[in-house]
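model-v5.cif (mmCIF, C-alpha atoms)
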data_query
loop_
_atom_site.label_atom_id
_atom_site.label_comp_id
_atom_site.auth_asym_id
_atom_site.auth_seq_id
_atom_site.Cartn_x
_atom_site.Cartn_y
_atom_site.Cartn_z
CA MET E 18 23.85 -6.28 2.40
CA THR E 19 20.93 -7.88 4.22
CA ASP E 20 18.34 -6.47 6.56
CA SER E 21 19.67 -6.63 10.08
CA GLY E 22 18.88 -5.82 13.65
CA ALA E 23 20.39 -3.12 15.82
CA ASP E 24 23.54 -5.18 16.46
CA GLY E 25 24.22 -5.68 12.74
CA ALA E 26 23.38 -9.40 12.87
CA PRO E 27 20.42 -10.99 11.09
CA ALA E 28 17.35 -10.01 13.10
CA GLY E 29 15.96 -13.00 14.95
CA GLY E 30 14.85 -16.44 13.88
CA TRP E 31 11.52 -17.57 12.52
CA VAL E 32 10.00 -18.13 15.97
CA ALA E 33 6.50 -16.91 16.84
CA GLY E 34 6.76 -13.70 18.83
CA ARG E 35 10.39 -13.21 17.75
CA ARG E 36 10.18 -13.16 13.95
CA LEU E 37 11.17 -9.49 13.89
CA ALA E 38 13.33 -9.26 17.00
CA GLY E 39 15.76 -6.38 16.63
CA LYS E 40 13.99 -4.79 13.67
CA ARG E 41 13.38 -1.05 13.72
CA ILE E 42 10.34 -0.13 11.66
CA ALA E 43 8.67 3.21 10.91
CA ILE E 44 5.07 3.12 9.65
CA SER E 45 3.31 6.19 8.31
CA GLY E 46 -0.46 6.17 8.71
CA SER E 47 -0.50 3.60 11.52
CA SER E 48 -2.95 5.00 14.06
CA ARG E 49 -6.04 3.20 12.74
CA GLY E 50 -7.30 0.67 10.22
CA LEU E 51 -4.69 -1.29 8.33
CA GLY E 52 -1.76 0.71 9.66
CA ARG E 53 -2.77 0.09 13.26
CA SER E 54 -2.99 -3.66 12.61
CA PHE E 55 0.42 -3.56 10.93
CA ALA E 56 1.98 -1.75 13.91
CA MET E 57 0.41 -4.11 16.45
CA ALA E 58 1.45 -7.23 14.52
CA LEU E 59 5.02 -6.03 13.94
CA ALA E 60 5.47 -5.05 17.58
CA ALA E 61 4.04 -8.40 18.70
CA GLU E 62 6.83 -10.06 16.71
CA GLY E 63 9.54 -8.10 18.48
CA ALA E 64 9.99 -5.05 16.25
CA ALA E 65 10.40 -1.56 17.67
CA VAL E 66 7.94 0.64 15.79
CA VAL E 67 7.28 4.30 15.11
CA VAL E 68 3.53 4.95 15.02
CA ASN E 69 2.26 7.87 12.96
CA GLY E 70 -1.06 9.51 12.25
CA THR E 71 -2.78 12.87 12.23
CA ASP E 72 -4.86 12.29 15.39
CA GLN E 73 -2.71 12.64 18.52
CA VAL E 74 -5.14 10.68 20.69
CA ALA E 75 -5.29 7.80 18.22
CA VAL E 76 -1.51 7.70 17.78
CA ASP E 77 -0.89 7.74 21.53
CA GLY E 78 -3.53 5.04 21.96
CA VAL E 79 -1.75 2.63 19.61
CA VAL E 80 1.59 3.30 21.29
CA ALA E 81 0.00 2.67 24.70
CA GLU E 82 -1.51 -0.62 23.49
CA ILE E 83 1.83 -1.81 22.14
CA ARG E 84 3.65 -0.90 25.34
CA ALA E 85 0.96 -2.50 27.50
CA ALA E 86 1.51 -5.74 25.59
CA GLY E 87 5.24 -5.56 26.28
CA GLY E 88 6.26 -4.04 22.96
CA THR E 89 8.34 -1.01 22.02
CA ALA E 90 6.85 2.00 20.25
CA VAL E 91 7.10 5.77 19.95
CA ALA E 92 4.69 8.31 18.46
CA VAL E 93 5.03 10.94 15.74
CA THR E 94 1.90 12.96 15.01
CA GLY E 95 1.26 14.78 11.75
CA SER E 96 0.54 14.35 8.05
CA VAL E 97 3.20 13.10 5.65
CA ALA E 98 1.91 15.73 3.24
CA ASP E 99 4.30 17.87 5.31
CA ASP E 100 7.86 16.81 4.48
CA ALA E 101 8.97 17.84 7.96
CA VAL E 102 6.66 15.19 9.44
CA ALA E 103 8.11 12.52 7.15
CA GLU E 104 11.56 13.56 8.31
CA ARG E 105 10.49 13.36 11.97
CA ILE E 106 9.12 9.83 11.48
CA VAL E 107 12.49 8.60 10.27
CA ALA E 108 14.42 10.69 12.80
CA ALA E 109 12.37 9.21 15.64
CA CYS E 110 13.21 5.69 14.51
CA VAL E 111 16.91 6.46 14.24
CA GLY E 112 17.04 8.52 17.42
CA GLU E 113 14.99 6.21 19.65
CA PHE E 114 16.04 2.82 18.29
CA GLY E 115 19.49 3.46 16.84
CA GLY E 116 18.60 3.07 13.17
CA ILE E 117 15.89 2.12 10.70
CA ASP E 118 15.56 -1.25 8.99
CA VAL E 119 12.14 -0.90 7.34
CA ALA E 120 9.95 2.07 6.37
CA ILE E 121 6.32 1.34 5.50
CA THR E 122 4.49 4.11 3.63
CA ASN E 123 0.90 3.36 4.58
CA ALA E 124 -0.52 6.88 5.02
CA ALA E 125 -3.27 7.61 2.50
CA VAL E 126 -6.54 9.41 1.88
CA ALA E 127 -9.38 8.54 -0.49
CA ARG E 128 -11.89 11.07 -1.79
CA ASP E 129 -14.50 9.05 -3.67
CA ARG E 130 -15.98 11.15 -6.44
CA THR E 131 -16.35 10.60 -10.15
CA LEU E 132 -14.25 12.85 -12.39
CA LEU E 133 -17.25 15.07 -13.19
CA LYS E 134 -17.81 15.77 -9.49
CA ALA E 135 -14.23 15.82 -8.19
CA THR E 136 -12.48 19.01 -7.12
CA VAL E 137 -8.93 20.20 -7.70
CA GLU E 138 -8.48 20.47 -3.94
CA GLU E 139 -9.33 16.78 -3.47
CA PHE E 140 -6.96 15.76 -6.23
CA ASP E 141 -4.15 17.86 -4.75
CA GLU E 142 -4.75 16.35 -1.31
CA SER E 143 -4.55 12.83 -2.73
CA ILE E 144 -1.26 13.61 -4.46
CA ALA E 145 0.15 15.39 -1.39
CA VAL E 146 -0.57 12.54 1.03
CA ASN E 147 -0.55 9.40 -1.08
CA LEU E 148 2.25 10.17 -3.53
CA ARG E 149 4.41 13.01 -2.28
CA GLY E 150 4.07 11.72 1.30
CA THR E 151 5.30 8.32 0.17
CA TRP E 152 8.18 9.95 -1.70
CA SER E 153 9.13 12.03 1.34
CA VAL E 154 9.21 9.09 3.75
CA CYS E 155 11.24 7.07 1.24
CA ARG E 156 13.69 9.92 0.71
CA HIS E 157 14.42 10.40 4.40
CA ALA E 158 14.47 6.66 5.12
CA ALA E 159 16.81 5.89 2.22
CA ARG E 160 19.25 8.55 3.38
CA ALA E 161 19.32 6.83 6.78
CA MET E 162 19.79 3.39 5.18
CA VAL E 163 22.57 4.01 2.67
CA ASP E 164 25.36 2.74 4.92
CA ARG E 165 23.71 -0.47 6.12
CA GLY E 166 20.88 -1.27 3.71
CA GLY E 167 17.22 -1.65 4.53
CA HIS E 168 13.77 -2.09 3.09
CA LEU E 169 11.19 0.38 1.77
CA LEU E 170 7.72 -1.18 1.72
CA LEU E 171 5.33 1.01 -0.27
CA VAL E 172 1.56 0.60 -0.10
CA PRO E 173 -0.10 1.38 -3.45
CA SER E 174 -3.36 -0.21 -4.62
CA ALA E 175 -4.20 -2.75 -7.30
CA ALA E 176 -6.95 -0.30 -8.30
CA ALA E 177 -4.21 1.84 -9.83
CA LEU E 178 -3.51 -0.98 -12.28
CA THR E 179 -7.10 -1.91 -13.09
CA GLY E 180 -9.04 1.31 -12.53
CA SER E 181 -11.65 1.98 -9.86
CA TYR E 182 -14.96 3.69 -10.56
CA GLY E 183 -15.32 6.98 -8.70
CA GLN E 184 -11.69 7.11 -7.52
CA SER E 185 -9.77 9.02 -10.18
CA SER E 186 -7.78 11.08 -7.64
CA TYR E 187 -6.95 8.05 -5.51
CA VAL E 188 -5.86 5.76 -8.34
CA ALA E 189 -3.81 8.50 -10.00
CA SER E 190 -1.84 8.99 -6.79
CA LYS E 191 -1.46 5.25 -6.18
CA GLY E 192 -0.34 4.70 -9.77
CA GLY E 193 2.46 7.11 -9.02
CA VAL E 194 3.42 4.96 -6.03
CA PHE E 195 3.89 1.97 -8.35
CA ALA E 196 6.12 4.03 -10.64
CA LEU E 197 8.06 5.22 -7.61
CA MET E 198 8.58 1.65 -6.39
CA TYR E 199 10.07 0.50 -9.68
CA THR E 200 12.33 3.54 -9.94
CA LEU E 201 13.58 3.44 -6.34
CA ASN E 202 14.29 -0.25 -6.73
CA GLU E 203 16.64 0.65 -9.58
CA GLU E 204 18.24 3.59 -7.80
CA LEU E 205 18.77 2.08 -4.36
CA ALA E 206 19.86 -1.49 -5.12
CA ARG E 207 23.52 -0.43 -5.04
CA TYR E 208 23.08 0.51 -1.38
CA GLY E 209 21.50 -2.78 -0.37
CA ILE E 210 18.10 -1.12 -0.02
CA ARG E 211 15.22 -3.28 -1.20
CA VAL E 212 11.98 -1.72 -2.42
CA ASN E 213 8.68 -3.59 -2.64
CA ALA E 214 4.97 -2.80 -2.83
CA PHE E 215 2.20 -4.37 -0.78
CA GLY E 216 -1.47 -4.22 -1.72
CA PRO E 217 -3.68 -5.00 1.29
CA THR E 218 -7.34 -5.64 0.53
CA ALA E 219 -9.31 -5.07 3.72
CA ALA E 220 -12.55 -3.57 4.99
CA THR E 221 -11.59 -0.34 6.77
CA GLY E 222 -12.93 3.15 7.32
CA MET E 223 -11.46 4.06 3.93
CA THR E 224 -13.45 1.37 2.12
CA ALA E 225 -16.62 1.62 4.24
CA GLY E 226 -18.30 4.15 1.95
CA ARG E 227 -17.79 2.04 -1.16
CA ILE E 228 -19.04 -1.09 0.59
CA ALA E 229 -22.11 0.80 1.85
CA VAL E 230 -22.97 1.89 -1.71
CA ILE E 231 -22.73 -1.70 -2.93
CA GLU E 232 -24.93 -2.93 -0.09
CA ALA E 233 -27.53 -0.21 -0.68
CA ARG E 234 -27.64 -0.92 -4.41
CA ALA E 235 -28.14 -4.63 -3.79
CA ARG E 236 -31.01 -4.00 -1.39
CA SER E 237 -32.67 -1.55 -3.78
CA GLU E 238 -32.60 -4.28 -6.43
CA GLY E 239 -34.06 -6.87 -4.08
CA ARG E 240 -30.79 -8.78 -3.74
CA ARG E 241 -28.93 -9.89 -0.65
CA ALA E 242 -26.30 -7.35 0.25
CA PRO E 243 -22.86 -8.93 -0.17
CA GLU E 244 -20.58 -9.22 2.83
CA PRO E 245 -17.14 -7.58 2.62
CA ARG E 246 -15.64 -11.07 2.28
CA ASP E 247 -17.84 -11.66 -0.79
CA LEU E 248 -16.23 -8.58 -2.34
CA GLY E 249 -12.73 -9.85 -1.65
CA PHE E 250 -12.07 -7.81 1.49
CA GLY E 251 -10.45 -9.28 4.58
CA SER E 252 -10.06 -7.64 7.96
CA PRO E 253 -6.96 -5.58 8.81
CA ASP E 254 -5.85 -8.23 11.30
CA GLU E 255 -6.20 -10.96 8.67
CA VAL E 256 -4.00 -8.99 6.28
CA ALA E 257 -1.25 -8.09 8.77
CA PRO E 258 0.66 -11.44 8.68
CA ALA E 259 1.82 -10.64 5.14
CA VAL E 260 3.47 -7.47 6.41
CA VAL E 261 5.21 -9.47 9.15
CA TYR E 262 6.62 -11.74 6.45
CA LEU E 263 7.63 -8.89 4.14
CA CYS E 264 9.49 -7.16 6.97
CA SER E 265 11.30 -10.34 7.99
CA ASP E 266 14.63 -11.75 6.85
CA ARG E 267 12.77 -14.59 5.15
CA ALA E 268 11.70 -12.06 2.51
CA ARG E 269 15.19 -10.60 2.02
CA ALA E 270 15.47 -11.95 -1.55
CA LEU E 271 12.29 -10.12 -2.60
CA THR E 272 12.72 -6.75 -4.27
CA GLY E 273 10.93 -4.77 -6.97
CA GLN E 274 7.77 -6.82 -6.48
CA PHE E 275 4.06 -6.23 -5.83
CA VAL E 276 2.38 -8.59 -3.38
CA ARG E 277 -1.36 -8.49 -2.74
CA PHE E 278 -3.19 -10.17 0.16
CA ASN E 279 -6.69 -10.13 1.62
CA GLY E 280 -6.17 -12.65 4.41
CA ARG E 281 -7.10 -15.60 2.20
CA ARG E 282 -5.80 -14.92 -1.30
CA LEU E 283 -2.06 -14.30 -1.64
CA ALA E 284 -0.85 -13.03 -5.02
CA LEU E 285 2.48 -12.03 -6.52
CA TRP E 286 1.74 -9.82 -9.53
CA ARG E 287 3.58 -10.03 -12.82
CA HIS E 288 5.24 -6.92 -14.15
CA ALA E 289 3.65 -4.90 -16.93
CA GLY E 290 5.12 -5.62 -20.34
CA GLU E 291 4.41 -5.85 -24.03
CA SER E 292 1.62 -8.27 -24.90
CA VAL E 293 1.80 -8.14 -28.70
CA VAL E 294 4.83 -7.01 -30.71
CA ILE E 295 4.97 -6.63 -34.49
CA ASP E 296 8.21 -5.42 -36.06
CA ARG E 297 8.38 -3.71 -39.46
CA GLU E 298 10.94 -1.38 -40.99
CA ARG E 299 8.26 1.10 -42.05
CA TRP E 300 4.69 1.73 -40.97
CA ASP E 301 1.85 3.87 -42.20
CA ALA E 302 -1.61 4.47 -40.77
CA ASP E 303 -3.20 1.77 -42.96
CA LEU E 304 -0.72 -0.89 -41.87
CA ILE E 305 -1.26 0.00 -38.24
CA ALA E 306 -5.03 -0.19 -38.70
CA ASP E 307 -4.72 -3.56 -40.46
CA ASN E 308 -2.74 -4.96 -37.55
CA PHE E 309 -5.25 -3.75 -34.98
CA PRO E 310 -8.65 -4.68 -36.43
CA ALA E 311 -11.61 -3.24 -34.58
CA ARG E 312 -13.01 -6.62 -33.54
CA GLN E 313 -9.80 -8.28 -32.40
CA GLU E 314 -9.60 -10.00 -29.03
CA PRO E 315 -8.37 -7.50 -26.42
CA VAL E 316 -4.72 -8.01 -25.51
CA TRP E 317 -5.60 -7.35 -21.90
CA ARG E 318 -8.72 -7.48 -19.82
CA LEU E 319 -9.76 -6.94 -16.23
CA THR E 320 -10.34 -10.17 -14.36
CA PRO E 321 -12.33 -9.87 -11.12
CA GLY E 322 -10.40 -11.42 -8.25
CA ALA E 323 -13.46 -12.35 -6.21
CA ALA E 324 -16.87 -13.92 -6.70
CA VAL E 325 -18.34 -10.42 -6.76
CA SER E 326 -15.90 -7.67 -7.71
CA VAL E 327 -16.18 -4.10 -6.49
CA ALA E 328 -16.01 -2.91 -10.10
CA ASP E 329 -18.95 -5.13 -11.07
CA ALA E 330 -20.95 -4.07 -8.05
CA LEU E 331 -20.33 -0.34 -8.51
CA GLY E 332 -19.95 -0.10 -12.31
CA PRO E 333 -21.31 2.87 -14.28
CA VAL E 334 -25.07 2.86 -14.02
CA ALA E 335 -27.54 5.46 -15.26
CA GLY E 336 -28.49 7.69 -12.34
CA GLU E 337 -25.46 6.40 -10.41
CA SER E 338 -25.49 7.05 -6.68
CA HIS E 339 -21.78 6.75 -5.98
CA PRO E 340 -20.62 8.97 -3.08
CA ALA E 341 -20.12 12.52 -4.30
#
Could you quickly redo this structure as structure tokens?
Amino acid sequence: MTDSGADGAPAGGWVAGRRLAGKRIAISGSSRGLGRSFAMALAAEGAAVVVNGTDQVAVDGVVAEIRAAGGTAVAVTGSVADDAVAERIVAACVGEFGGIDVAITNAAVARDRTLLKATVEEFDESIAVNLRGTWSVCRHAARAMVDRGGHLLLVPSAAALTGSYGQSSYVASKGGVFALMYTLNEELARYGIRVNAFGPTAATGMTAGRIAVIEARARSEGRRAPEPRDLGFGSPDEVAPAVVYLCSDRARALTGQFVRFNGRRLALWRHAGESVVIDRERWDADLIADNFPARQEPVWRLTPGAAVSVADALGPVAGESHPA
């Protein structure tokens, strides 16, 4: 099966303004920031979109903007932490547009505290929205796609693979999204449902607090405060073209992959796997210790992806002033 438009034929050609003609796309967390830019860009390319968020005014505002520009959109208000809301997002797409071709699970929250300051309530909220909310949207969307195929585009974070100071709740939930992507890709392939992950790197309200801490620290040390671009962040509008591509038929061969984009740097990530393998019939503690000497070169390391990485700028510092 391939992704298709409402008439069952491949959805549109690769023509500006028509790249997604006929596509029916539901986007959780699309009333502001990255999600808003995704919805606007997808609608501008001819897709009919379901806009979702927790703020009714913001959701209605995005729908109104899309319609004013000649696009097609409907609103569903509520948090995907509530499974009934996830179900309504998919039902709105099917009911209003006749089906669902792509579901994008963008809804997320970030509660920036170090482990020693974090609360159970914040952790539970992160899991409820970021992980269970993603699972719920995928579950309802997949059930609507089993007869014709489709595409689930999950939105985790590269921070879940590298770690992110002060974000234990966030990265734990986003790490689960990666695991979900790989598993759903295995489960749903037989139905012609593709599953991919997209990691947008953009300056938004969610990242504003972290950027502000970096800027304040730089000023306190007499250094020039780095711009978001220096830290590897693009703008939401700069990042949106990658989502247009991933939702298009030109990406129909892509599945089980993680793509990251900040508006300038496009990256396809390799899958995790064994770095060093040593086979023996029998092992004991001494043999294991001999094969992993204390001073050996690490088999993996974190490599900053920008001139100044967020990890370097925030890193653990005595008397740290990370948001609490």
Spatial neighbours of E:Val107, max dist 12 Å, only C-alpha atoms, sep filter under 5 positions, as a PyMOL selection string: chain E and resi 41-45+66-69+91-93+97+100-102+112-122+153-162+169
Nearest-residue call for E:Arg49, choices E:Leu133, E:Ala177, E:Ala75, E:Ala103, using only C-alpha atoms: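 Nearest candidate to E:Arg49 out of E:Leu133, E:Ala177, E:Ala75, E:Ala103: E:Ala75.
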Residue members of the PyMOL selection byres ((chain E and resi 140) around 10) in the file shown, as a PyMOL selection string: chain E and resi 127-128+132+135-139+141-145+184-187+189-190
Could you write out that same residue set with C-alpha atoms as a PDB file, in the coordinates of the input?
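Here's the written file result-v5.pdb:
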ATOM      1  CA  ALA E 127      -9.380   8.540  -0.490  1.00  0.00           C
ATOM      2  CA  ARG E 128     -11.890  11.070  -1.790  1.00  0.00           C
ATOM      3  CA  LEU E 132     -14.250  12.850 -12.390  1.00  0.00           C
ATOM      4  CA  ALA E 135     -14.230  15.820  -8.190  1.00  0.00           C
ATOM      5  CA  THR E 136     -12.480  19.010  -7.120  1.00  0.00           C
ATOM      6  CA  VAL E 137      -8.930  20.200  -7.700  1.00  0.00           C
ATOM      7  CA  GLU E 138      -8.480  20.470  -3.940  1.00  0.00           C
ATOM      8  CA  GLU E 139      -9.330  16.780  -3.470  1.00  0.00           C
ATOM      9  CA  ASP E 141      -4.150  17.860  -4.750  1.00  0.00           C
ATOM     10  CA  GLU E 142      -4.750  16.350  -1.310  1.00  0.00           C
ATOM     11  CA  SER E 143      -4.550  12.830  -2.730  1.00  0.00           C
ATOM     12  CA  ILE E 144      -1.260  13.610  -4.460  1.00  0.00           C
ATOM     13  CA  ALA E 145       0.150  15.390  -1.390  1.00  0.00           C
ATOM     14  CA  GLN E 184     -11.690   7.110  -7.520  1.00  0.00           C
ATOM     15  CA  SER E 185      -9.770   9.020 -10.180  1.00  0.00           C
ATOM     16  CA  SER E 186      -7.780  11.080  -7.640  1.00  0.00           C
ATOM     17  CA  TYR E 187      -6.950   8.050  -5.510  1.00  0.00           C
ATOM     18  CA  ALA E 189      -3.810   8.500 -10.000  1.00  0.00           C
ATOM     19  CA  SER E 190      -1.840   8.990  -6.790  1.00  0.00           C
TER      20      SER E 190
END
Hits from the PyMOL selection byres ((chain E and resi 57) around 12), listed as number ranges by chain: E: 34, 42, 44, 47-56, 58-68, 78-90, 253-254, 257-258, 260-261
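Our summary of the geometry notes that atom CA of E:Ala242 is positioned 25.1 Å from atom CA of E:Gly216.
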Distance in Å - atom CA of E:Cys110 versus atom CA of E:Ser265: 17.4 Å
Minimum-distance residue to E:Arg281, chosen among E:Val194, E:Ala268, E:Ile295, E:Gly251 (using only C-alpha atoms): E:Gly251
Proximity to E:Leu37 - best of E:Ala306, E:Val276, E:Cys264, E:Ala124, all atoms listed in the file: E:Cys264
Complete the atom set of stretch 132-162 of chain E to N, CA and C atoms and return it as a compact mmCIF listing (two decimals), keeping the file's coordinate frame.
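The result, written out as part32.txt:
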# COMPACT_ATOMS: atom_id res chain seq x y z
N LEU E 132 -15.01 11.73 -11.82
CA LEU E 132 -14.25 12.85 -12.39
C LEU E 132 -15.12 14.09 -12.55
N LEU E 133 -16.38 13.92 -12.95
CA LEU E 133 -17.25 15.07 -13.19
C LEU E 133 -17.63 15.80 -11.91
N LYS E 134 -17.45 15.15 -10.76
CA LYS E 134 -17.81 15.77 -9.49
C LYS E 134 -16.60 16.11 -8.63
N ALA E 135 -15.43 15.63 -9.00
CA ALA E 135 -14.23 15.82 -8.19
C ALA E 135 -13.78 17.28 -8.22
N THR E 136 -13.02 17.66 -7.20
CA THR E 136 -12.48 19.01 -7.12
C THR E 136 -10.95 18.98 -7.23
N VAL E 137 -10.39 20.09 -7.63
CA VAL E 137 -8.93 20.20 -7.70
C VAL E 137 -8.32 20.03 -6.32
N GLU E 138 -9.00 20.56 -5.31
CA GLU E 138 -8.48 20.47 -3.94
C GLU E 138 -8.38 19.01 -3.49
N GLU E 139 -9.38 18.20 -3.84
CA GLU E 139 -9.33 16.78 -3.47
C GLU E 139 -8.22 16.05 -4.21
N PHE E 140 -8.04 16.39 -5.47
CA PHE E 140 -6.96 15.76 -6.23
C PHE E 140 -5.60 16.13 -5.63
N ASP E 141 -5.42 17.41 -5.32
CA ASP E 141 -4.15 17.86 -4.75
C ASP E 141 -3.88 17.20 -3.41
N GLU E 142 -4.92 17.02 -2.61
CA GLU E 142 -4.75 16.35 -1.31
C GLU E 142 -4.31 14.91 -1.50
N SER E 143 -4.92 14.22 -2.46
CA SER E 143 -4.55 12.83 -2.73
C SER E 143 -3.09 12.73 -3.15
N ILE E 144 -2.66 13.62 -4.02
CA ILE E 144 -1.26 13.61 -4.46
C ILE E 144 -0.33 13.95 -3.30
N ALA E 145 -0.71 14.94 -2.49
CA ALA E 145 0.15 15.39 -1.39
C ALA E 145 0.37 14.29 -0.36
N VAL E 146 -0.69 13.58 0.00
CA VAL E 146 -0.57 12.54 1.03
C VAL E 146 -0.09 11.23 0.44
N ASN E 147 -0.79 10.75 -0.58
CA ASN E 147 -0.55 9.40 -1.08
C ASN E 147 0.75 9.27 -1.87
N LEU E 148 1.07 10.27 -2.67
CA LEU E 148 2.25 10.17 -3.53
C LEU E 148 3.44 10.95 -2.98
N ARG E 149 3.27 12.25 -2.78
CA ARG E 149 4.41 13.01 -2.28
C ARG E 149 4.78 12.57 -0.86
N GLY E 150 3.78 12.21 -0.05
CA GLY E 150 4.07 11.72 1.30
C GLY E 150 4.87 10.44 1.27
N THR E 151 4.53 9.55 0.34
CA THR E 151 5.30 8.32 0.17
C THR E 151 6.73 8.64 -0.25
N TRP E 152 6.86 9.54 -1.22
CA TRP E 152 8.18 9.95 -1.70
C TRP E 152 9.02 10.54 -0.57
N SER E 153 8.40 11.37 0.25
CA SER E 153 9.13 12.03 1.34
C SER E 153 9.64 11.03 2.37
N VAL E 154 8.78 10.10 2.78
CA VAL E 154 9.21 9.09 3.75
C VAL E 154 10.34 8.26 3.16
N CYS E 155 10.19 7.86 1.90
CA CYS E 155 11.24 7.07 1.24
C CYS E 155 12.55 7.84 1.17
N ARG E 156 12.47 9.11 0.85
CA ARG E 156 13.69 9.92 0.71
C ARG E 156 14.46 9.98 2.02
N HIS E 157 13.75 10.29 3.10
CA HIS E 157 14.42 10.40 4.40
C HIS E 157 14.89 9.03 4.89
N ALA E 158 14.08 8.00 4.68
CA ALA E 158 14.47 6.66 5.12
C ALA E 158 15.68 6.16 4.35
N ALA E 159 15.68 6.36 3.04
CA ALA E 159 16.81 5.89 2.22
C ALA E 159 18.11 6.57 2.64
N ARG E 160 18.04 7.85 2.95
CA ARG E 160 19.25 8.55 3.38
C ARG E 160 19.79 7.96 4.69
N ALA E 161 18.89 7.44 5.52
CA ALA E 161 19.32 6.83 6.78
C ALA E 161 19.77 5.38 6.60
N MET E 162 19.48 4.80 5.43
CA MET E 162 19.79 3.39 5.18
C MET E 162 21.02 3.17 4.31
